[in-house]
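Visitor: Please find query-v1.cif (mmCIF, C-alpha atoms) on the next line:
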data_run
loop_
_atom_site.group_PDB
_atom_site.id
_atom_site.type_symbol
_atom_site.label_atom_id
_atom_site.label_comp_id
_atom_site.auth_asym_id
_atom_site.auth_seq_id
_atom_site.Cartn_x
_atom_site.Cartn_y
_atom_site.Cartn_z
ATOM 1 C CA MET J 1 -21.280 -18.157 62.949
ATOM 2 C CA HIS J 2 -18.536 -20.702 62.288
ATOM 3 C CA ASP J 3 -15.019 -19.348 62.095
ATOM 4 C CA VAL J 4 -13.331 -22.520 60.907
ATOM 5 C CA SER J 5 -14.462 -25.417 58.784
ATOM 6 C CA ILE J 6 -12.156 -28.376 58.210
ATOM 7 C CA GLU J 7 -12.701 -31.538 56.193
ATOM 8 C CA MET J 8 -10.740 -34.740 56.470
ATOM 9 C CA VAL J 9 -10.866 -38.402 55.485
ATOM 10 C CA SER J 10 -11.347 -41.059 58.141
ATOM 11 C CA ASP J 11 -7.864 -42.489 58.568
ATOM 12 C CA PRO J 12 -5.476 -41.818 61.457
ATOM 13 C CA LEU J 13 -2.916 -39.834 59.437
ATOM 14 C CA SER J 14 -5.584 -37.681 57.810
ATOM 15 C CA VAL J 15 -7.071 -37.027 61.258
ATOM 16 C CA ARG J 16 -3.640 -36.067 62.590
ATOM 17 C CA ASP J 17 -3.245 -33.643 59.690
ATOM 18 C CA GLY J 18 -6.776 -32.261 60.108
ATOM 19 C CA LEU J 19 -6.131 -31.691 63.799
ATOM 20 C CA ARG J 20 -2.899 -29.868 62.989
ATOM 21 C CA ARG J 21 -4.695 -27.658 60.449
ATOM 22 C CA ALA J 22 -7.508 -26.880 62.890
ATOM 23 C CA LEU J 23 -5.223 -26.072 65.831
ATOM 24 C CA GLY J 24 -2.965 -23.923 63.673
ATOM 25 C CA ALA J 25 -5.883 -21.723 62.606
ATOM 26 C CA ARG J 26 -8.159 -19.304 64.389
ATOM 27 C CA PRO J 27 -9.639 -19.454 66.913
ATOM 28 C CA PHE J 28 -7.462 -22.271 68.278
ATOM 29 C CA ASP J 29 -4.124 -20.529 67.679
ATOM 30 C CA ARG J 30 -5.251 -17.677 69.938
ATOM 31 C CA LEU J 31 -6.301 -19.831 72.881
ATOM 32 C CA ALA J 32 -4.564 -19.865 76.227
ATOM 33 C CA VAL J 33 -2.215 -22.866 76.475
ATOM 34 C CA ALA J 34 -4.454 -24.904 78.806
ATOM 35 C CA ASP J 35 -7.548 -24.392 76.617
ATOM 36 C CA ARG J 36 -5.634 -25.296 73.476
ATOM 37 C CA SER J 37 -4.440 -28.473 75.157
ATOM 38 C CA THR J 38 -8.013 -29.337 76.206
ATOM 39 C CA ALA J 39 -9.253 -28.718 72.659
ATOM 40 C CA GLU J 40 -6.546 -30.927 71.160
ATOM 41 C CA ILE J 41 -7.357 -33.811 73.505
ATOM 42 C CA VAL J 42 -11.140 -33.650 72.964
ATOM 43 C CA LEU J 43 -10.961 -33.214 69.185
ATOM 44 C CA ALA J 44 -8.436 -36.048 68.840
ATOM 45 C CA GLU J 45 -10.626 -38.415 70.868
ATOM 46 C CA VAL J 46 -13.819 -37.552 68.957
ATOM 47 C CA LEU J 47 -12.114 -37.848 65.556
ATOM 48 C CA ASN J 48 -10.343 -41.105 66.416
ATOM 49 C CA ASN J 49 -13.613 -42.597 67.654
ATOM 50 C CA ILE J 50 -15.211 -41.770 64.302
ATOM 51 C CA VAL J 51 -12.336 -43.471 62.449
ATOM 52 C CA GLU J 52 -12.406 -46.547 64.684
ATOM 53 C CA HIS J 53 -16.134 -47.048 65.168
ATOM 54 C CA ALA J 54 -18.386 -45.040 62.808
ATOM 55 C CA TYR J 55 -16.158 -45.860 59.826
ATOM 56 C CA ALA J 56 -15.044 -49.326 61.002
ATOM 57 C CA ALA J 57 -16.509 -50.849 57.803
ATOM 58 C CA GLY J 58 -14.850 -48.386 55.423
ATOM 59 C CA PRO J 59 -13.635 -44.813 55.099
ATOM 60 C CA GLY J 60 -15.690 -41.670 54.635
ATOM 61 C CA PRO J 61 -15.643 -37.922 55.193
ATOM 62 C CA ILE J 62 -15.471 -36.060 58.512
ATOM 63 C CA ARG J 63 -16.404 -32.385 58.753
ATOM 64 C CA LEU J 64 -15.567 -30.089 61.635
ATOM 65 C CA TRP J 65 -16.975 -26.620 62.325
ATOM 66 C CA VAL J 66 -15.795 -24.309 65.053
ATOM 67 C CA GLY J 67 -17.451 -21.122 66.227
ATOM 68 C CA LEU J 68 -16.076 -18.713 68.801
ATOM 69 C CA GLU J 69 -18.461 -17.401 71.439
ATOM 70 C CA PRO J 70 -17.552 -15.328 74.507
ATOM 71 C CA GLY J 71 -15.419 -17.596 76.701
ATOM 72 C CA GLN J 72 -16.134 -20.755 74.765
ATOM 73 C CA LEU J 73 -15.865 -22.602 71.488
ATOM 74 C CA CYS J 74 -18.893 -24.163 69.871
ATOM 75 C CA ILE J 75 -17.892 -27.309 67.966
ATOM 76 C CA ARG J 76 -19.875 -29.416 65.517
ATOM 77 C CA ILE J 77 -18.474 -32.610 63.987
ATOM 78 C CA GLU J 78 -20.301 -34.680 61.380
ATOM 79 C CA ASP J 79 -19.649 -38.041 59.754
ATOM 80 C CA GLU J 80 -21.591 -40.389 57.492
ATOM 81 C CA GLY J 81 -20.648 -43.642 59.212
ATOM 82 C CA ARG J 82 -22.561 -46.060 61.414
ATOM 83 C CA PRO J 83 -24.781 -44.523 64.098
ATOM 84 C CA MET J 84 -23.894 -44.699 67.789
ATOM 85 C CA PRO J 85 -25.194 -47.943 69.378
ATOM 86 C CA ASP J 86 -28.851 -47.288 70.404
ATOM 87 C CA HIS J 87 -28.323 -43.755 69.037
ATOM 88 C CA ARG J 88 -26.808 -42.821 72.386
ATOM 89 C CA LEU J 89 -23.394 -41.558 73.446
ATOM 90 C CA PRO J 90 -21.277 -43.942 75.517
ATOM 91 C CA THR J 91 -21.341 -43.137 79.236
ATOM 92 C CA GLY J 92 -17.577 -42.873 79.435
ATOM 93 C CA GLN J 93 -17.220 -45.045 82.527
ATOM 94 C CA LEU J 94 -13.535 -44.921 83.430
ATOM 95 C CA PRO J 95 -11.775 -48.317 83.648
ATOM 96 C CA THR J 96 -10.297 -49.115 87.064
ATOM 97 C CA PRO J 97 -6.648 -48.007 86.780
ATOM 98 C CA GLU J 98 -5.297 -51.183 88.416
ATOM 99 C CA ASP J 99 -6.943 -53.323 85.714
ATOM 100 C CA LEU J 100 -4.446 -51.817 83.235
ATOM 101 C CA ALA J 101 -6.983 -51.532 80.431
ATOM 102 C CA GLU J 102 -5.482 -50.445 77.117
ATOM 103 C CA GLY J 103 -8.612 -48.611 75.975
ATOM 104 C CA GLY J 104 -11.936 -47.218 77.091
ATOM 105 C CA PHE J 105 -10.532 -43.815 78.093
ATOM 106 C CA GLY J 106 -11.763 -41.750 75.148
ATOM 107 C CA TRP J 107 -15.330 -40.889 76.141
ATOM 108 C CA HIS J 108 -14.263 -40.232 79.711
ATOM 109 C CA LEU J 109 -11.772 -37.641 78.439
ATOM 110 C CA ILE J 110 -14.367 -36.104 76.104
ATOM 111 C CA ARG J 111 -17.010 -35.906 78.833
ATOM 112 C CA SER J 112 -14.543 -34.584 81.438
ATOM 113 C CA LEU J 113 -13.272 -31.747 79.269
ATOM 114 C CA SER J 114 -16.322 -30.627 77.243
ATOM 115 C CA SER J 115 -19.786 -29.328 78.103
ATOM 116 C CA ASP J 116 -23.250 -29.363 76.469
ATOM 117 C CA LEU J 117 -22.361 -32.593 74.667
ATOM 118 C CA ARG J 118 -25.168 -33.591 72.286
ATOM 119 C CA TYR J 119 -25.513 -36.325 69.679
ATOM 120 C CA ASP J 120 -28.076 -36.456 66.870
ATOM 121 C CA ARG J 121 -28.514 -38.890 64.031
ATOM 122 C CA ARG J 122 -29.856 -36.857 61.101
ATOM 123 C CA GLY J 123 -30.678 -39.206 58.254
ATOM 124 C CA ALA J 124 -27.366 -40.886 57.420
ATOM 125 C CA VAL J 125 -25.293 -38.317 59.306
ATOM 126 C CA ASN J 126 -23.896 -38.459 62.847
ATOM 127 C CA CYS J 127 -23.789 -34.998 64.368
ATOM 128 C CA LEU J 128 -21.913 -34.300 67.591
ATOM 129 C CA CYS J 129 -22.028 -30.847 69.196
ATOM 130 C CA PHE J 130 -20.235 -29.638 72.313
ATOM 131 C CA ARG J 131 -18.575 -26.640 73.883
ATOM 132 C CA LEU J 132 -15.005 -26.143 75.039
ATOM 133 C CA PRO J 133 -13.516 -23.466 77.303
ATOM 134 C CA ALA J 134 -11.887 -20.609 75.375
ATOM 135 C CA GLU J 135 -10.196 -18.038 77.500
ATOM 136 C CA GLN J 136 -8.537 -15.835 74.900
ATOM 137 C CA SER J 137 -4.801 -15.702 75.209
ATOM 138 C CA THR J 138 -3.523 -12.147 75.569
ATOM 139 C CA GLY J 139 -0.338 -13.011 73.636
ATOM 140 C CA MET K 140 8.345 -43.625 65.639
ATOM 141 C CA GLN K 141 11.715 -42.292 66.724
ATOM 142 C CA LEU K 142 12.934 -43.748 70.003
ATOM 143 C CA ASP K 143 16.474 -43.532 71.311
ATOM 144 C CA SER K 144 17.687 -46.044 73.891
ATOM 145 C CA LYS K 145 20.818 -46.336 76.009
ATOM 146 C CA MET K 146 21.973 -47.998 79.213
ATOM 147 C CA GLN K 147 22.751 -45.745 82.156
ATOM 148 C CA GLY K 148 24.373 -48.194 84.542
ATOM 149 C CA THR K 149 21.818 -50.988 84.864
ATOM 150 C CA THR K 150 18.908 -48.737 83.881
ATOM 151 C CA LEU K 151 17.556 -48.780 80.344
ATOM 152 C CA VAL K 152 16.630 -45.222 79.345
ATOM 153 C CA ILE K 153 14.409 -44.779 76.283
ATOM 154 C CA ARG K 154 13.775 -41.282 74.976
ATOM 155 C CA ALA K 155 10.759 -40.686 72.741
ATOM 156 C CA LEU K 156 11.889 -38.226 70.072
ATOM 157 C CA GLU K 157 8.440 -37.721 68.565
ATOM 158 C CA ASP K 158 6.194 -34.718 69.120
ATOM 159 C CA ARG K 159 3.180 -36.979 69.608
ATOM 160 C CA ILE K 160 2.109 -40.531 70.435
ATOM 161 C CA ASP K 161 -1.365 -40.753 68.908
ATOM 162 C CA ALA K 162 -3.706 -43.165 67.147
ATOM 163 C CA ALA K 163 -1.576 -42.942 63.979
ATOM 164 C CA GLY K 164 1.610 -43.975 65.805
ATOM 165 C CA ALA K 165 0.518 -46.036 68.801
ATOM 166 C CA ILE K 166 1.055 -49.517 67.297
ATOM 167 C CA GLN K 167 4.484 -48.576 65.964
ATOM 168 C CA PHE K 168 5.408 -47.130 69.356
ATOM 169 C CA LYS K 169 4.432 -50.364 71.083
ATOM 170 C CA GLU K 170 6.410 -52.515 68.621
ATOM 171 C CA ARG K 171 9.540 -50.351 68.860
ATOM 172 C CA MET K 172 9.328 -50.386 72.653
ATOM 173 C CA ARG K 173 9.033 -54.175 72.646
ATOM 174 C CA ASP K 174 12.215 -54.432 70.542
ATOM 175 C CA LEU K 175 14.174 -51.897 72.585
ATOM 176 C CA THR K 176 13.226 -53.378 75.965
ATOM 177 C CA ALA K 177 14.371 -56.867 74.912
ATOM 178 C CA VAL K 178 17.789 -56.107 76.446
ATOM 179 C CA PRO K 179 18.156 -57.015 80.121
ATOM 180 C CA SER K 180 18.098 -54.190 82.661
ATOM 181 C CA THR K 181 17.063 -53.663 86.253
ATOM 182 C CA ARG K 182 14.887 -50.651 85.406
ATOM 183 C CA VAL K 183 13.247 -49.093 82.348
ATOM 184 C CA ILE K 184 12.613 -45.345 82.230
ATOM 185 C CA LEU K 185 10.677 -43.824 79.312
ATOM 186 C CA ASP K 186 11.540 -40.148 78.899
ATOM 187 C CA LEU K 187 8.541 -38.314 77.425
ATOM 188 C CA ALA K 188 9.942 -34.771 77.645
ATOM 189 C CA SER K 189 9.779 -34.296 73.843
ATOM 190 C CA VAL K 190 6.222 -35.604 73.545
ATOM 191 C CA HIS K 191 3.736 -32.744 73.575
ATOM 192 C CA PHE K 192 0.622 -34.747 72.816
ATOM 193 C CA LEU K 193 -0.659 -38.183 73.744
ATOM 194 C CA ASP K 194 -4.210 -39.404 73.109
ATOM 195 C CA SER K 195 -6.056 -42.399 74.574
ATOM 196 C CA SER K 196 -4.530 -44.691 71.928
ATOM 197 C CA GLY K 197 -1.063 -43.510 72.933
ATOM 198 C CA LEU K 198 -1.955 -44.006 76.581
ATOM 199 C CA GLY K 199 -3.161 -47.533 75.786
ATOM 200 C CA ALA K 200 0.164 -48.253 74.070
ATOM 201 C CA VAL K 201 2.142 -47.056 77.123
ATOM 202 C CA VAL K 202 -0.011 -49.306 79.327
ATOM 203 C CA ALA K 203 0.607 -52.211 76.926
ATOM 204 C CA VAL K 204 4.376 -51.693 77.235
ATOM 205 C CA MET K 205 4.073 -51.714 81.012
ATOM 206 C CA LYS K 206 2.301 -55.072 80.750
ATOM 207 C CA LEU K 207 4.988 -56.435 78.384
ATOM 208 C CA LEU K 208 7.636 -55.716 81.034
ATOM 209 C CA ALA K 209 5.694 -57.285 83.917
ATOM 210 C CA PRO K 210 6.249 -59.010 86.244
ATOM 211 C CA ASP K 211 10.040 -58.571 86.318
ATOM 212 C CA ARG K 212 10.281 -54.896 85.441
ATOM 213 C CA ARG K 213 8.031 -51.867 85.804
ATOM 214 C CA LEU K 214 7.835 -49.101 83.253
ATOM 215 C CA GLU K 215 8.780 -45.780 84.845
ATOM 216 C CA LEU K 216 7.939 -42.483 83.146
ATOM 217 C CA ALA K 217 9.771 -39.164 83.212
ATOM 218 C CA GLY K 218 9.311 -35.632 81.909
ATOM 219 C CA LEU K 219 5.565 -35.502 81.272
ATOM 220 C CA THR K 220 4.633 -32.304 79.406
ATOM 221 C CA PRO K 221 1.382 -30.526 80.437
ATOM 222 C CA THR K 222 -1.003 -32.143 77.925
ATOM 223 C CA VAL K 223 0.443 -35.614 78.496
ATOM 224 C CA GLU K 224 0.220 -35.111 82.265
ATOM 225 C CA LYS K 225 -3.423 -34.036 81.885
ATOM 226 C CA VAL K 226 -4.330 -37.259 80.038
ATOM 227 C CA PHE K 227 -2.640 -39.408 82.702
ATOM 228 C CA ARG K 228 -4.327 -37.467 85.521
ATOM 229 C CA LEU K 229 -7.868 -37.431 84.053
ATOM 230 C CA THR K 230 -7.764 -41.174 83.368
ATOM 231 C CA ARG K 231 -6.188 -41.766 86.821
ATOM 232 C CA MET K 232 -3.410 -43.772 85.148
ATOM 233 C CA ASP K 233 -0.967 -41.513 87.011
ATOM 234 C CA THR K 234 -1.787 -43.722 90.017
ATOM 235 C CA VAL K 235 -0.366 -46.916 88.478
ATOM 236 C CA PHE K 236 2.885 -45.576 86.972
ATOM 237 C CA THR K 237 5.984 -44.338 88.744
ATOM 238 C CA ILE K 238 6.286 -40.842 87.293
ATOM 239 C CA HIS K 239 9.476 -38.817 87.733
ATOM 240 C CA PRO K 240 9.546 -35.040 87.172
ATOM 241 C CA GLY K 241 12.512 -35.434 84.809
ATOM 242 C CA LEU K 242 15.017 -38.039 83.651
ATOM 243 C CA GLU K 243 17.757 -36.866 86.040
ATOM 244 C CA ALA K 244 15.404 -37.159 89.020
ATOM 245 C CA GLY K 245 14.380 -40.614 87.833
ATOM 246 C CA LEU K 246 17.972 -41.801 87.546
ATOM 247 C CA ARG K 247 18.854 -40.488 91.017
ATOM 248 C CA GLN K 248 15.961 -42.326 92.578
ATOM 249 C CA ALA K 249 16.222 -46.071 93.107
ATOM 250 C CA GLY K 250 13.421 -47.755 91.166
#
Would you mind giving the structure from this file in structure tokens?

Guide:
Amino acid sequence: MHDVSIEMVSDPLSVRDGLRRALGARPFDRLAVADRSTAEIVLAEVLNNIVEHAYAAGPGPIRLWVGLEPGQLCIRIEDEGRPMPDHRLPTGQLPTPEDLAEGGFGWHLIRSLSSDLRYDRRGAVNCLCFRLPAEQSTG
Amino acid sequence: MQLDSKMQGTTLVIRALEDRIDAAGAIQFKERMRDLTAVPSTRVILDLASVHFLDSSGLGAVVAVMKLLAPDRRLELAGLTPTVEKVFRLTRMDTVFTIHPGLEAGLRQAG
């Protein structure tokens, strides 16, 4: 059911490398340009949030699974860090542009570009599932 | 973080030579930009034509640079590639920056 499985350690350079490995492999390498761009943005934001927040106290593993379904990708990302506050996903309220905030954009981007976003805490594991558009590139 | 800067008349033009400005490079980007913009100029244009990916950390760093230049100078942007443009548009930060289609267009236009 999952076409790709990628593991990485929770530091920014490892995440950058993991993202490069994921996007260079199927099914991402076959996506239309706009869908590939959407996938890169969403995956980067989710992975960086895990590094910054779930593993704020110390590093740990991150696992990513990707499955291709007709017209969409089914993504699951797990980590063993701290749970989400109140075991809920942030609302992703966008900062007012004129306030010139330097952060707080991540969950807005994730929520804008993904669908069926779901978070579960299973024992000591954070599990985030969502779907992304995947119009297959004809090239 | 590879950045190349030169004066074009009284405008300071900084070209980002990296493929991406992400969480792994955002702090370095901000520090390099602070050093490079220390020279006096009437305008500062950041050419992002080589940057194919920018995440929210990279966006935050660009905003931070804009704030470093205020109130005397504004940070103008040029050459946003599709993914970078998408991040600016979805976060509505395209409404607070002057964004030129390309560097040449930016230089022709008075700040």

Visitor: Residues at most 12 Å from K:Gln147, counting all atoms listed in the file, excluding those fewer than 6 positions away in the same chain, as a count of residues only?

Guide: 11

Visitor: Counting all atoms listed in the file, collect the residues of chain J whose closest atom lies at most 10 Å from chain K, and write them out as JSON, numbers by chain.

Guide: {"J": [11, 12, 13, 14, 15, 16, 33, 34, 36, 37, 38, 40, 41, 42, 43, 44, 45, 48, 49, 51, 52, 94, 95, 96, 97, 98, 99, 100, 101, 102, 103, 104, 105, 106, 107, 108, 109, 112, 113]}

Visitor: For those residues, write C-alpha atoms to a file as an mmCIF file, in the coordinates of the input.

Guide:
data_model
loop_
_atom_site.group_PDB
_atom_site.id
_atom_site.type_symbol
_atom_site.label_atom_id
_atom_site.label_comp_id
_atom_site.auth_asym_id
_atom_site.auth_seq_id
_atom_site.Cartn_x
_atom_site.Cartn_y
_atom_site.Cartn_z
ATOM 1 C CA ASP J 11 -7.864 -42.489 58.568
ATOM 2 C CA PRO J 12 -5.476 -41.818 61.457
ATOM 3 C CA LEU J 13 -2.916 -39.834 59.437
ATOM 4 C CA SER J 14 -5.584 -37.681 57.810
ATOM 5 C CA VAL J 15 -7.071 -37.027 61.258
ATOM 6 C CA ARG J 16 -3.640 -36.067 62.590
ATOM 7 C CA VAL J 33 -2.215 -22.866 76.475
ATOM 8 C CA ALA J 34 -4.454 -24.904 78.806
ATOM 9 C CA ARG J 36 -5.634 -25.296 73.476
ATOM 10 C CA SER J 37 -4.440 -28.473 75.157
ATOM 11 C CA THR J 38 -8.013 -29.337 76.206
ATOM 12 C CA GLU J 40 -6.546 -30.927 71.160
ATOM 13 C CA ILE J 41 -7.357 -33.811 73.505
ATOM 14 C CA VAL J 42 -11.140 -33.650 72.964
ATOM 15 C CA LEU J 43 -10.961 -33.214 69.185
ATOM 16 C CA ALA J 44 -8.436 -36.048 68.840
ATOM 17 C CA GLU J 45 -10.626 -38.415 70.868
ATOM 18 C CA ASN J 48 -10.343 -41.105 66.416
ATOM 19 C CA ASN J 49 -13.613 -42.597 67.654
ATOM 20 C CA VAL J 51 -12.336 -43.471 62.449
ATOM 21 C CA GLU J 52 -12.406 -46.547 64.684
ATOM 22 C CA LEU J 94 -13.535 -44.921 83.430
ATOM 23 C CA PRO J 95 -11.775 -48.317 83.648
ATOM 24 C CA THR J 96 -10.297 -49.115 87.064
ATOM 25 C CA PRO J 97 -6.648 -48.007 86.780
ATOM 26 C CA GLU J 98 -5.297 -51.183 88.416
ATOM 27 C CA ASP J 99 -6.943 -53.323 85.714
ATOM 28 C CA LEU J 100 -4.446 -51.817 83.235
ATOM 29 C CA ALA J 101 -6.983 -51.532 80.431
ATOM 30 C CA GLU J 102 -5.482 -50.445 77.117
ATOM 31 C CA GLY J 103 -8.612 -48.611 75.975
ATOM 32 C CA GLY J 104 -11.936 -47.218 77.091
ATOM 33 C CA PHE J 105 -10.532 -43.815 78.093
ATOM 34 C CA GLY J 106 -11.763 -41.750 75.148
ATOM 35 C CA TRP J 107 -15.330 -40.889 76.141
ATOM 36 C CA HIS J 108 -14.263 -40.232 79.711
ATOM 37 C CA LEU J 109 -11.772 -37.641 78.439
ATOM 38 C CA SER J 112 -14.543 -34.584 81.438
ATOM 39 C CA LEU J 113 -13.272 -31.747 79.269
#

Visitor: Step by step, work through what the PyMOL selection byres ((chain K and resi 218) around 9) selects in the shown file, and finish by giving those residues as JSON, numbers by chain.

Guide: {"K": [185, 186, 187, 188, 189, 190, 216, 217, 219, 220, 238, 239, 240, 241, 242]}

Visitor: Using Å and a single decimal, report how far atom CA of J:Ala22 sits from atom CA of J:Pro83.

Guide: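 For atom CA of J:Pro83 relative to atom CA of J:Ala22, the distance reads 24.7 Å.
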
Visitor: I'd like to know which of K:Met146, K:Leu156, K:Ile166, K:Ala209 is closest to K:Val178, using all atoms listed in the file.

Guide: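 Of the candidates, the smallest distance to K:Val178 is held by K:Met146.
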
Visitor: Quick one, how far is atom CA of K:Arg173 from atom CA of K:Leu214?

Guide: 11.8 Å

Visitor: I'd like to see the residues matched by the PyMOL selection byres ((chain J and resi 118) around 10) on this file, and ideally I'd get them as an mmCIF file with C-alpha atoms, in the frame of the given file.

Guide:
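And here is the file that came out, result.cif:
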data_model
loop_
_atom_site.group_PDB
_atom_site.id
_atom_site.type_symbol
_atom_site.label_atom_id
_atom_site.label_comp_id
_atom_site.auth_asym_id
_atom_site.auth_seq_id
_atom_site.Cartn_x
_atom_site.Cartn_y
_atom_site.Cartn_z
ATOM 1 C CA ARG J 76 -19.875 -29.416 65.517
ATOM 2 C CA ARG J 88 -26.808 -42.821 72.386
ATOM 3 C CA LEU J 89 -23.394 -41.558 73.446
ATOM 4 C CA SER J 115 -19.786 -29.328 78.103
ATOM 5 C CA ASP J 116 -23.250 -29.363 76.469
ATOM 6 C CA LEU J 117 -22.361 -32.593 74.667
ATOM 7 C CA TYR J 119 -25.513 -36.325 69.679
ATOM 8 C CA ASP J 120 -28.076 -36.456 66.870
ATOM 9 C CA CYS J 127 -23.789 -34.998 64.368
ATOM 10 C CA LEU J 128 -21.913 -34.300 67.591
ATOM 11 C CA CYS J 129 -22.028 -30.847 69.196
ATOM 12 C CA PHE J 130 -20.235 -29.638 72.313
ATOM 13 C CA ARG J 131 -18.575 -26.640 73.883
#

Visitor: So what do you get for atom CA of J:Ile62 versus atom CA of J:Asp79, distance-wise?

Guide: 4.8 Å

Visitor: For J:Leu47, which residue out of J:Leu23, J:Leu73, J:Leu68, J:Met8 is the nearest one, using all atoms listed in the file?

Guide: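 Answer, going by the shortest atom-to-atom distance: J:Met8.
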
Visitor: From the set J:Arg26, J:Gly81, J:Gly123, J:Arg111, which residue has the shortest atom-to-atom contact distance to J:Gln93, counting only C-alpha atoms?

Guide: J:Arg111

Visitor: Report as a PyMOL selection string all protein, DNA and RNA residues lying within 12 Å of J:Ala57, evaluated on all atoms listed in the file, omitting residues in the same chain fewer than 2 positions from it.

Guide: chain J and resi 10+50-55+59-60+80-82

Visitor: Report the centre and edge lengths, in Å to one decimal, of an axis-aligned box enclosing every atom of stretch 3-16 of chain J listed in the file, padded by 3 Å on each side, as JSON.

Guide:
{"center_x": -9.0, "center_y": -30.9, "center_z": 59.0, "size_x": 18.1, "size_y": 29.1, "size_z": 13.1}

Visitor: Apply the PyMOL selection byres ((chain K and resi 171) around 12) to the structure shown and report the selected residues as a PDB file with C-alpha atoms, in the frame of the given file.

Guide:
ATOM      1  CA  MET K 140       8.345 -43.625  65.639  1.00  0.00           C
ATOM      2  CA  GLN K 141      11.715 -42.292  66.724  1.00  0.00           C
ATOM      3  CA  LEU K 142      12.934 -43.748  70.003  1.00  0.00           C
ATOM      4  CA  ASP K 143      16.474 -43.532  71.311  1.00  0.00           C
ATOM      5  CA  SER K 144      17.687 -46.044  73.891  1.00  0.00           C
ATOM      6  CA  ILE K 153      14.409 -44.779  76.283  1.00  0.00           C
ATOM      7  CA  ARG K 154      13.775 -41.282  74.976  1.00  0.00           C
ATOM      8  CA  ALA K 155      10.759 -40.686  72.741  1.00  0.00           C
ATOM      9  CA  GLY K 164       1.610 -43.975  65.805  1.00  0.00           C
ATOM     10  CA  ALA K 165       0.518 -46.036  68.801  1.00  0.00           C
ATOM     11  CA  ILE K 166       1.055 -49.517  67.297  1.00  0.00           C
ATOM     12  CA  GLN K 167       4.484 -48.576  65.964  1.00  0.00           C
ATOM     13  CA  PHE K 168       5.408 -47.130  69.356  1.00  0.00           C
ATOM     14  CA  LYS K 169       4.432 -50.364  71.083  1.00  0.00           C
ATOM     15  CA  GLU K 170       6.410 -52.515  68.621  1.00  0.00           C
ATOM     16  CA  MET K 172       9.328 -50.386  72.653  1.00  0.00           C
ATOM     17  CA  ARG K 173       9.033 -54.175  72.646  1.00  0.00           C
ATOM     18  CA  ASP K 174      12.215 -54.432  70.542  1.00  0.00           C
ATOM     19  CA  LEU K 175      14.174 -51.897  72.585  1.00  0.00           C
ATOM     20  CA  THR K 176      13.226 -53.378  75.965  1.00  0.00           C
ATOM     21  CA  ALA K 177      14.371 -56.867  74.912  1.00  0.00           C
ATOM     22  CA  ALA K 200       0.164 -48.253  74.070  1.00  0.00           C
ATOM     23  CA  VAL K 201       2.142 -47.056  77.123  1.00  0.00           C
ATOM     24  CA  VAL K 204       4.376 -51.693  77.235  1.00  0.00           C
TER      25      VAL K 204
END

Visitor: I'd like to know which of K:Phe227, K:Arg212, K:Leu207, K:Ile160 is closest to K:Pro179, using only C-alpha atoms.

Guide: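 Between K:Phe227, K:Arg212, K:Leu207, K:Ile160, the residue approaching K:Pro179 most closely is K:Arg212.
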